[in-house]
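One structure is given below, encoded as structure tokens.
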Amino acid sequence: MTMDEEITQSQYLLPFGDDLRAFLTQDKVTPSMLRKVLRSRGVFISSIEKKDMLEHLLLSFLAPSEFVHLLDEVREKEDSPKLRSRSYTISSEAPPLAEMLPIDFEFNKIAQDEYGNVKIIGEPSFARDKIEGKDSYLLSYRLEKQSIGADWTRCRRIYEASIRYTLNPVENRLEVATTHSSPETEKANRQVVGHVNSELRAKHYIETSGESKVLFGSFTNEQRIFFLMKFPGINSQGGLSFVKLADLALALDSNTPTPDEERLNWMKDSVNKLTLSGDALQNVFFVNDPTCWKHLLVWRTEARFKFETVDFSGSIEVIFEFADCANGANPDAEFQIAIPRISLEGRAQGSPDSIRLKRQFTMYLDAAKTVFVQEALNYSGLVHAGIGTPVSS
């Protein structure tokens with residue numbers, strides 16, 4: 001077995017008993033995943049609750065093909081690239097981008113793990129990669145993590161990540177986009193971007209006060225929900241058509257006056273956070289009634305879209321999220337976009353075309369984000385976000 005191959009317990013053993021329960025009850029294994037397994041066996045139950053499905057799986061165990069299928073779905077959601085972006089004002093003293101980026105750049109030294117739990121594969125460096133006519137440099141890398149005490153979903157894993165610097169001469173901005181697929185790569189990205197930006201500031205290439213990034217605390221409660229709801233309402237210019245809002249994470253804001261209406265008051269003192277899943281969340285009052293928005297902290301949504309391009313058609317799941325904001329109370333949580341699943345007609349999940357389209361749609365949505373931020377900051381509570389009309393599944 002080569003160094004790049006992953007080694008997990010699942011290659012040798014199938015989980016059972018407490019191990020199986022621990023695997024099936026983790027958040028990454030969704031009720032819809034379990035429902036698919038049961039339906040493939042010819043088992044249909046009326047409940048959509050995970051707890052009601054578990055007894056059918058714990059007593060009969062999982063077949064090897066079922067376990068591999070669930071494991072692949074978990075990894076796909078967990079390891080999907082998550083895009084974050086920010087930009088900086090370029091000073092009048094800044095040279096071309098090739099001269100701005102550090103010459104003596106030791107990625108492995110900057111991003112090394114002080115405890116030795118992760119290892120950078122190779123010696124990553126920036127390479128010129130023009131994008132949409134703009135001068136751009138991309139650094140892609142792979143990180144290996146090995147854990148003896150890992151669970152059934154990981155033991156030795158390889159994660160991919162990237163850092164891109166792009167010069168936008170029209171707006172006089174330096175755009176920085178990072179993708180990560182694990183907490184380890186997110187940390188490495190942070191270390192490297194911090195190091196590069198420190199050098200750029202020291203040489204007065206970017207202005208200290210010119211940073212622009214989207215944080216949870218950038219918005220009021222109403223503006224934040226308006227911003228998140230703009231994505232389901234996106235037009236079809238990029239080939240996307242909204243299908244449904246499938247997931248929503250929210251909590252009642254304890255810092256706002258207690259809502260008078262009973263629809264929200266039941267959450268007070270009884271619910272710390274609420275995660276909703278369903279087939280038409282765009283129709284619930286949380287989303288449709290802007291008068292509720294000032295009382296709610298919303299930090300994560302998941303939307304389903306269909307797409308139609310010249311060459312391909314299919315569907316995608318997109319997660320819009322303020323990361324590290326599980327209780328809705330972290331003002332510094334940074335906004336990110338991830339596409340954990342793409343279904344491309346006539347192509348396998350991991351095909352080059354699927355990967356390319358994932359990247360294409362992620363960049364399109366990130367570009368739309370810039371417009372939506374400005375619209376949200378100007379939102380006065382007088383208009384609805386304008387969620388698109390769902391198409392038939």
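Ligands are numbered from 1 in the order shown, chains are lettered A, B, ... in the order of the structure tokens, and residues start at 1 in each chain.
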
*Using the chain letters and numbers from this document, which residues of stretch 9-251 of chain A does DSSP assign to strand (DSSP E), as an MDAnalysis selection string?*
chainID A and resid 82:89 118:121 127:128 136:146 156:168 173:180 212:213 240:251

Per residue of stretch 307-383 of chain A within 12 Å of stretch 78-98 of chain A, what are the shortest atom pair and its distance in Å to one decimal, counting only C-alpha atoms, with rows by chain and residue number, as a Markdown table?
```
| residue | atom | partner | partner_atom | distance |
| --- | --- | --- | --- | --- |
| A:Glu317 | CA | A:Ser80 | CA | 11.1 |
| A:Val318 | CA | A:Lys82 | CA | 10.3 |
| A:Ile319 | CA | A:Lys82 | CA | 9.0 |
| A:Phe320 | CA | A:Lys82 | CA | 9.6 |
| A:Glu321 | CA | A:Lys82 | CA | 9.6 |
| A:Phe322 | CA | A:Arg84 | CA | 10.0 |
| A:Ala323 | CA | A:Lys82 | CA | 9.8 |
| A:Ala333 | CA | A:Arg84 | CA | 11.2 |
| A:Glu334 | CA | A:Arg84 | CA | 7.5 |
| A:Phe335 | CA | A:Arg84 | CA | 6.5 |
| A:Gln336 | CA | A:Arg84 | CA | 4.8 |
| A:Ile337 | CA | A:Leu83 | CA | 5.2 |
| A:Ala338 | CA | A:Lys82 | CA | 4.6 |
| A:Ile339 | CA | A:Ser80 | CA | 6.5 |
| A:Pro340 | CA | A:Ser80 | CA | 5.0 |
| A:Arg341 | CA | A:Ser80 | CA | 8.1 |
| A:Ile342 | CA | A:Ser80 | CA | 10.7 |
| A:Gly350 | CA | A:Ser80 | CA | 11.5 |
| A:Ile355 | CA | A:Pro81 | CA | 10.4 |
| A:Lys358 | CA | A:Pro81 | CA | 9.3 |
| A:Arg359 | CA | A:Pro81 | CA | 8.9 |
| A:Gln360 | CA | A:Leu83 | CA | 11.8 |
| A:Phe361 | CA | A:Leu83 | CA | 11.2 |
| A:Thr362 | CA | A:Leu83 | CA | 7.5 |
| A:Met363 | CA | A:Leu83 | CA | 8.4 |
| A:Tyr364 | CA | A:Leu83 | CA | 11.4 |
| A:Leu365 | CA | A:Leu83 | CA | 10.1 |
| A:Asp366 | CA | A:Ser85 | CA | 7.8 |
| A:Ala367 | CA | A:Ser85 | CA | 9.6 |
| A:Lys369 | CA | A:Ser85 | CA | 9.8 |
| A:Thr370 | CA | A:Arg86 | CA | 9.7 |
```

Go ahead and save the picked residues with N, CA, C and O atoms, as a compact mmCIF listing (two decimals), in the first residue's frame.
```txt
# COMPACT_ATOMS: atom_id res chain seq x y z
N GLU A 317 -26.03 20.03 -3.89
CA GLU A 317 -26.36 20.48 -2.55
C GLU A 317 -25.32 21.51 -2.15
O GLU A 317 -24.12 21.27 -2.34
N VAL A 318 -25.75 22.63 -1.62
CA VAL A 318 -24.83 23.70 -1.23
C VAL A 318 -25.06 24.09 0.22
O VAL A 318 -26.21 24.30 0.63
N ILE A 319 -23.99 24.16 1.00
CA ILE A 319 -24.07 24.59 2.39
C ILE A 319 -23.50 26.00 2.50
O ILE A 319 -22.36 26.25 2.11
N PHE A 320 -24.31 26.93 2.99
CA PHE A 320 -23.89 28.30 3.26
C PHE A 320 -23.80 28.43 4.79
O PHE A 320 -24.81 28.25 5.48
N GLU A 321 -22.63 28.77 5.29
CA GLU A 321 -22.45 28.63 6.74
C GLU A 321 -21.45 29.63 7.29
O GLU A 321 -20.43 29.93 6.66
N PHE A 322 -21.76 30.15 8.47
CA PHE A 322 -20.79 30.88 9.26
C PHE A 322 -20.11 29.83 10.15
O PHE A 322 -20.70 29.34 11.11
N ALA A 323 -18.89 29.46 9.78
CA ALA A 323 -18.22 28.33 10.41
C ALA A 323 -17.90 28.61 11.87
O ALA A 323 -17.77 29.77 12.29
N ALA A 333 -17.06 34.37 13.46
CA ALA A 333 -17.23 33.21 12.58
C ALA A 333 -17.26 33.67 11.13
O ALA A 333 -18.02 34.56 10.76
N GLU A 334 -16.42 33.04 10.29
CA GLU A 334 -16.28 33.47 8.90
C GLU A 334 -17.21 32.69 7.99
O GLU A 334 -17.40 31.49 8.15
N PHE A 335 -17.77 33.39 7.02
CA PHE A 335 -18.71 32.77 6.09
C PHE A 335 -17.96 31.88 5.09
O PHE A 335 -16.88 32.23 4.61
N GLN A 336 -18.54 30.72 4.78
CA GLN A 336 -17.94 29.82 3.81
C GLN A 336 -19.03 29.11 3.01
O GLN A 336 -20.18 29.01 3.43
N ILE A 337 -18.62 28.63 1.85
CA ILE A 337 -19.53 27.92 0.93
C ILE A 337 -18.94 26.56 0.63
O ILE A 337 -17.73 26.44 0.37
N ALA A 338 -19.77 25.52 0.68
CA ALA A 338 -19.30 24.17 0.36
C ALA A 338 -20.37 23.45 -0.46
O ALA A 338 -21.57 23.64 -0.24
N ILE A 339 -19.92 22.66 -1.41
CA ILE A 339 -20.82 21.80 -2.20
C ILE A 339 -20.46 20.36 -1.89
O ILE A 339 -19.55 19.78 -2.50
N PRO A 340 -21.12 19.75 -0.89
CA PRO A 340 -20.77 18.38 -0.49
C PRO A 340 -21.20 17.33 -1.49
O PRO A 340 -20.65 16.22 -1.50
N ARG A 341 -22.18 17.63 -2.34
CA ARG A 341 -22.67 16.60 -3.26
C ARG A 341 -23.11 17.21 -4.57
O ARG A 341 -23.76 18.25 -4.61
N ILE A 342 -22.69 16.55 -5.65
CA ILE A 342 -23.15 16.92 -6.99
C ILE A 342 -23.57 15.64 -7.69
O ILE A 342 -22.88 14.62 -7.63
N GLY A 350 -17.05 11.17 -8.47
CA GLY A 350 -15.69 11.69 -8.44
C GLY A 350 -15.08 11.94 -9.80
O GLY A 350 -13.87 12.09 -9.92
N ILE A 355 -15.92 17.26 -10.51
CA ILE A 355 -15.01 18.10 -9.71
C ILE A 355 -14.92 19.50 -10.31
O ILE A 355 -14.95 20.50 -9.60
N LYS A 358 -18.16 21.41 -9.65
CA LYS A 358 -18.22 21.81 -8.24
C LYS A 358 -17.45 23.12 -8.04
O LYS A 358 -17.92 24.06 -7.41
N ARG A 359 -16.23 23.13 -8.59
CA ARG A 359 -15.38 24.32 -8.46
C ARG A 359 -16.03 25.52 -9.17
O ARG A 359 -16.04 26.63 -8.65
N GLN A 360 -16.61 25.28 -10.33
CA GLN A 360 -17.23 26.36 -11.10
C GLN A 360 -18.41 26.97 -10.36
O GLN A 360 -18.52 28.20 -10.26
N PHE A 361 -19.28 26.12 -9.81
CA PHE A 361 -20.46 26.64 -9.10
C PHE A 361 -20.06 27.31 -7.79
O PHE A 361 -20.68 28.30 -7.38
N THR A 362 -19.05 26.76 -7.12
CA THR A 362 -18.60 27.38 -5.88
C THR A 362 -18.08 28.79 -6.13
O THR A 362 -18.40 29.73 -5.38
N MET A 363 -17.31 28.96 -7.18
CA MET A 363 -16.77 30.29 -7.51
C MET A 363 -17.89 31.24 -7.93
O MET A 363 -17.87 32.42 -7.60
N TYR A 364 -18.88 30.72 -8.65
CA TYR A 364 -20.01 31.54 -9.06
C TYR A 364 -20.80 32.05 -7.84
O TYR A 364 -21.14 33.23 -7.75
N LEU A 365 -21.05 31.16 -6.89
CA LEU A 365 -21.79 31.54 -5.68
C LEU A 365 -20.97 32.49 -4.82
O LEU A 365 -21.52 33.40 -4.19
N ASP A 366 -19.65 32.31 -4.79
CA ASP A 366 -18.80 33.21 -4.02
C ASP A 366 -18.81 34.61 -4.64
O ASP A 366 -18.79 35.61 -3.91
N ALA A 367 -18.84 34.68 -5.96
CA ALA A 367 -18.92 35.98 -6.63
C ALA A 367 -20.26 36.66 -6.31
O ALA A 367 -20.32 37.88 -6.08
N LYS A 369 -21.90 36.26 -3.65
CA LYS A 369 -21.83 36.64 -2.24
C LYS A 369 -21.48 38.11 -2.07
O LYS A 369 -22.07 38.82 -1.24
N THR A 370 -20.53 38.61 -2.87
CA THR A 370 -20.10 40.00 -2.76
C THR A 370 -21.26 40.96 -2.98
O THR A 370 -21.41 41.95 -2.26
```

*asked:* I need the residue nearest A:Gly381 from this list: A:Pro352, A:Pro290, A:Gly314, A:Pro183. Use only C-alpha atoms for the distance.
replied: A:Pro290

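Considering the residues A:Gly233, A:Pro31, A:Gly194, A:Pro15 and counting only C-alpha atoms, A:Leu54 has its shortest atom-to-atom contact with A:Pro31.
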
*Spatial neighbours of A:Ser136, max dist 6 Å, only C-alpha atoms, sep filter under 6 positions, as a list in words*: Arg128, Asp129, Lys130, Tyr165 and Thr166 of chain A

Just the helix (DSSP H, G or I) stuff from stretch 14-51 of chain A, please, per backbone DSSP, written as a JSON list (two decimals) with N, CA, C and O atoms, in the first residue's frame.
```
[["chain", "number", "residue", "atom", "x", "y", "z"],
["A", 17, "GLY", "N", -22.59, -3.71, 17.25],
["A", 17, "GLY", "CA", -22.82, -3.34, 18.65],
["A", 17, "GLY", "C", -22.67, -1.84, 18.88],
["A", 17, "GLY", "O", -23.19, -1.02, 18.14],
["A", 18, "ASP", "N", -21.89, -1.50, 19.92],
["A", 18, "ASP", "CA", -21.70, -0.09, 20.27],
["A", 18, "ASP", "C", -20.97, 0.68, 19.18],
["A", 18, "ASP", "O", -21.23, 1.88, 18.98],
["A", 19, "ASP", "N", -20.05, 0.01, 18.48],
["A", 19, "ASP", "CA", -19.34, 0.68, 17.39],
["A", 19, "ASP", "C", -20.29, 1.08, 16.27],
["A", 19, "ASP", "O", -20.20, 2.16, 15.69],
["A", 20, "LEU", "N", -21.23, 0.19, 15.95],
["A", 20, "LEU", "CA", -22.20, 0.47, 14.90],
["A", 20, "LEU", "C", -23.12, 1.61, 15.33],
["A", 20, "LEU", "O", -23.44, 2.50, 14.55],
["A", 21, "ARG", "N", -23.56, 1.57, 16.58],
["A", 21, "ARG", "CA", -24.43, 2.63, 17.09],
["A", 21, "ARG", "C", -23.70, 3.98, 17.05],
["A", 21, "ARG", "O", -24.28, 4.99, 16.64],
["A", 22, "ALA", "N", -22.43, 3.99, 17.46],
["A", 22, "ALA", "CA", -21.66, 5.24, 17.44],
["A", 22, "ALA", "C", -21.53, 5.78, 16.02],
["A", 22, "ALA", "O", -21.59, 7.00, 15.80],
["A", 23, "PHE", "N", -21.36, 4.88, 15.05],
["A", 23, "PHE", "CA", -21.23, 5.31, 13.66],
["A", 23, "PHE", "C", -22.54, 5.87, 13.13],
["A", 23, "PHE", "O", -22.59, 6.93, 12.52],
["A", 24, "LEU", "N", -23.64, 5.16, 13.37],
["A", 24, "LEU", "CA", -24.93, 5.57, 12.81],
["A", 24, "LEU", "C", -25.52, 6.81, 13.47],
["A", 24, "LEU", "O", -26.29, 7.54, 12.86],
["A", 25, "THR", "N", -25.16, 7.06, 14.73],
["A", 25, "THR", "CA", -25.75, 8.19, 15.45],
["A", 25, "THR", "C", -24.98, 9.49, 15.27],
["A", 25, "THR", "O", -25.42, 10.54, 15.74],
["A", 31, "PRO", "N", -30.70, 11.20, 8.48],
["A", 31, "PRO", "CA", -31.86, 10.30, 8.34],
["A", 31, "PRO", "C", -32.11, 9.88, 6.89],
["A", 31, "PRO", "O", -32.52, 8.75, 6.63],
["A", 32, "SER", "N", -31.85, 10.78, 5.94],
["A", 32, "SER", "CA", -32.09, 10.44, 4.54],
["A", 32, "SER", "C", -31.15, 9.33, 4.07],
["A", 32, "SER", "O", -31.53, 8.48, 3.26],
["A", 33, "MET", "N", -29.92, 9.30, 4.59],
["A", 33, "MET", "CA", -28.99, 8.23, 4.26],
["A", 33, "MET", "C", -29.52, 6.88, 4.76],
["A", 33, "MET", "O", -29.50, 5.88, 4.03],
["A", 34, "LEU", "N", -30.00, 6.88, 6.01],
["A", 34, "LEU", "CA", -30.51, 5.63, 6.59],
["A", 34, "LEU", "C", -31.79, 5.19, 5.88],
["A", 34, "LEU", "O", -32.01, 3.99, 5.68],
["A", 35, "ARG", "N", -32.60, 6.16, 5.48],
["A", 35, "ARG", "CA", -33.85, 5.82, 4.79],
["A", 35, "ARG", "C", -33.55, 5.14, 3.45],
["A", 35, "ARG", "O", -34.24, 4.20, 3.05],
["A", 36, "LYS", "N", -32.50, 5.59, 2.77],
["A", 36, "LYS", "CA", -32.11, 4.97, 1.49],
["A", 36, "LYS", "C", -31.68, 3.53, 1.69],
["A", 36, "LYS", "O", -32.00, 2.65, 0.89],
["A", 37, "VAL", "N", -30.91, 3.28, 2.77],
["A", 37, "VAL", "CA", -30.46, 1.92, 3.05],
["A", 37, "VAL", "C", -31.65, 1.01, 3.32],
["A", 37, "VAL", "O", -31.74, -0.10, 2.78],
["A", 38, "LEU", "N", -32.60, 1.50, 4.13],
["A", 38, "LEU", "CA", -33.78, 0.68, 4.45],
["A", 38, "LEU", "C", -34.63, 0.43, 3.21],
["A", 38, "LEU", "O", -35.13, -0.68, 3.01],
["A", 39, "ARG", "N", -34.79, 1.44, 2.38],
["A", 39, "ARG", "CA", -35.60, 1.27, 1.17],
["A", 39, "ARG", "C", -34.96, 0.28, 0.21],
["A", 39, "ARG", "O", -35.66, -0.47, -0.49],
["A", 40, "SER", "N", -33.63, 0.26, 0.17],
["A", 40, "SER", "CA", -32.94, -0.70, -0.70],
["A", 40, "SER", "C", -33.19, -2.13, -0.23],
["A", 40, "SER", "O", -33.09, -3.08, -1.01],
["A", 50, "LYS", "N", -34.40, 9.64, 12.94],
["A", 50, "LYS", "CA", -33.29, 8.69, 12.91],
["A", 50, "LYS", "C", -33.45, 7.62, 13.99],
["A", 50, "LYS", "O", -33.19, 6.44, 13.75],
["A", 51, "LYS", "N", -33.91, 8.00, 15.17],
["A", 51, "LYS", "CA", -34.03, 7.05, 16.28],
["A", 51, "LYS", "C", -34.98, 5.90, 15.95],
["A", 51, "LYS", "O", -34.82, 4.78, 16.45]]
```

*Could you give me, as an MDAnalysis selection string, the residues within 8 Å of A:Pro331, counting only C-alpha atoms and dropping anything in the same chain fewer than 2 positions from it?*
chainID A and resid 215:218 329 333

Serialized selection, all heavy atoms, as a CSV table (one decimal), in the first residue's frame:
```csv
chain,number,residue,atom,x,y,z
A,215,LEU,N,-18.2,38.2,8.1
A,215,LEU,CA,-18.2,37.5,9.4
A,215,LEU,C,-19.7,37.5,9.9
A,215,LEU,O,-20.5,38.3,9.5
A,215,LEU,CB,-17.3,38.3,10.4
A,215,LEU,CG,-15.9,38.4,10.1
A,215,LEU,CD1,-15.2,39.3,11.1
A,215,LEU,CD2,-15.2,37.1,9.9
A,216,PHE,N,-19.9,36.6,10.9
A,216,PHE,CA,-21.2,36.6,11.5
A,216,PHE,C,-21.6,37.9,12.1
A,216,PHE,O,-22.8,38.4,12.0
A,216,PHE,CB,-21.2,35.5,12.6
A,216,PHE,CG,-22.6,35.2,13.2
A,216,PHE,CD1,-23.5,34.3,12.6
A,216,PHE,CD2,-23.0,35.9,14.4
A,216,PHE,CE1,-24.7,34.1,13.2
A,216,PHE,CE2,-24.2,35.6,15.0
A,216,PHE,CZ,-25.1,34.7,14.3
A,217,GLY,N,-20.7,38.6,12.7
A,217,GLY,CA,-20.9,39.9,13.3
A,217,GLY,C,-21.0,41.0,12.4
A,217,GLY,O,-21.2,42.2,12.8
A,218,SER,N,-20.8,40.8,11.1
A,218,SER,CA,-20.9,41.8,10.1
A,218,SER,C,-22.4,42.3,9.9
A,218,SER,O,-22.6,43.4,9.3
A,218,SER,CB,-20.4,41.4,8.7
A,218,SER,OG,-19.1,40.9,8.8
A,329,ALA,N,-23.3,32.4,18.3
A,329,ALA,CA,-22.9,33.4,19.2
A,329,ALA,C,-21.5,33.9,19.0
A,329,ALA,O,-20.9,34.5,19.8
A,329,ALA,CB,-23.1,33.0,20.7
A,333,ALA,N,-17.1,34.4,13.5
A,333,ALA,CA,-17.2,33.2,12.6
A,333,ALA,C,-17.3,33.7,11.1
A,333,ALA,O,-18.0,34.6,10.8
A,333,ALA,CB,-18.5,32.5,12.9
```

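Neighbours of A:Ser343 closer than or equal to 9 Å, with only C-alpha atoms counted and sequence neighbours fewer than 2 positions away skipped, come out as A:Ser313, A:Gly314, A:Ser315, A:Ile316, A:Glu317, A:Arg341, A:Glu345, A:Arg347, A:Ala348, A:Gln349, A:Ser354.
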
Save out the residues we just selected, N, CA, C and O atoms, as a compact mmCIF listing (two decimals), in the first residue's frame.
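File written: selection_17.txt
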```txt
# COMPACT_ATOMS: atom_id res chain seq x y z
N SER A 313 -26.23 18.39 -17.13
CA SER A 313 -27.38 18.70 -16.28
C SER A 313 -27.28 17.82 -15.04
O SER A 313 -26.68 16.76 -15.06
N GLY A 314 -27.89 18.27 -13.97
CA GLY A 314 -27.84 17.51 -12.72
C GLY A 314 -28.32 18.35 -11.56
O GLY A 314 -29.12 19.27 -11.72
N SER A 315 -27.83 18.04 -10.36
CA SER A 315 -28.25 18.77 -9.16
C SER A 315 -27.07 18.87 -8.20
O SER A 315 -26.13 18.08 -8.25
N ILE A 316 -27.13 19.86 -7.31
CA ILE A 316 -26.10 20.05 -6.29
C ILE A 316 -26.74 20.39 -4.96
O ILE A 316 -27.84 20.93 -4.89
N GLU A 317 -26.03 20.03 -3.89
CA GLU A 317 -26.36 20.48 -2.55
C GLU A 317 -25.32 21.51 -2.15
O GLU A 317 -24.12 21.27 -2.34
N ARG A 341 -22.18 17.63 -2.34
CA ARG A 341 -22.67 16.60 -3.26
C ARG A 341 -23.11 17.21 -4.57
O ARG A 341 -23.76 18.25 -4.61
N GLU A 345 -25.67 13.91 -14.41
CA GLU A 345 -26.24 12.86 -15.26
C GLU A 345 -25.18 12.29 -16.19
O GLU A 345 -24.51 13.02 -16.92
N ARG A 347 -22.41 10.79 -15.26
CA ARG A 347 -21.06 10.84 -14.71
C ARG A 347 -21.06 10.34 -13.26
O ARG A 347 -22.04 10.50 -12.53
N ALA A 348 -19.94 9.75 -12.84
CA ALA A 348 -19.79 9.29 -11.46
C ALA A 348 -19.49 10.48 -10.56
O ALA A 348 -19.07 11.55 -11.02
N GLN A 349 -19.67 10.28 -9.24
CA GLN A 349 -19.47 11.35 -8.27
C GLN A 349 -18.08 11.97 -8.36
O GLN A 349 -17.92 13.17 -8.32
N SER A 354 -17.35 16.29 -12.70
CA SER A 354 -18.05 16.62 -11.45
C SER A 354 -17.21 17.56 -10.60
O SER A 354 -17.72 18.55 -10.05
```

*Using only C-alpha atoms, which residues sit within 8 Å of stretch 137-143 of chain A once same-chain residues fewer than 4 positions away are excluded, as JSON, numbers by chain?*
{"A": [118, 119, 120, 121, 122, 124, 125, 126, 127, 128, 129, 130, 158, 159, 160, 161, 162, 163, 164, 165, 166, 185]}

*Counting only C-alpha atoms, figure out which residue out of A:Val29, A:Ala188, A:Ala251, A:Ile103 gets nearest to A:Leu200.*
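Under the stated criterion, the closest residue is A:Ile103.
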
*Contacts of A:Val373 at 10 Å or less, counting only C-alpha atoms, minus same-chain residues fewer than 2 places along, as a ChimeraX atom specification?*
/A:213-214,218-219,223-224,226-228,230,368-371,375-379

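Of note, atom CA of A:Val243 and atom CA of A:Lys306 are spaced 6.6 Å apart.
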
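Proximity ranking of A:Lys145, A:Arg173, A:Arg300, A:His295 relative to A:Asp113 places A:Lys145 first, based on only C-alpha atoms.
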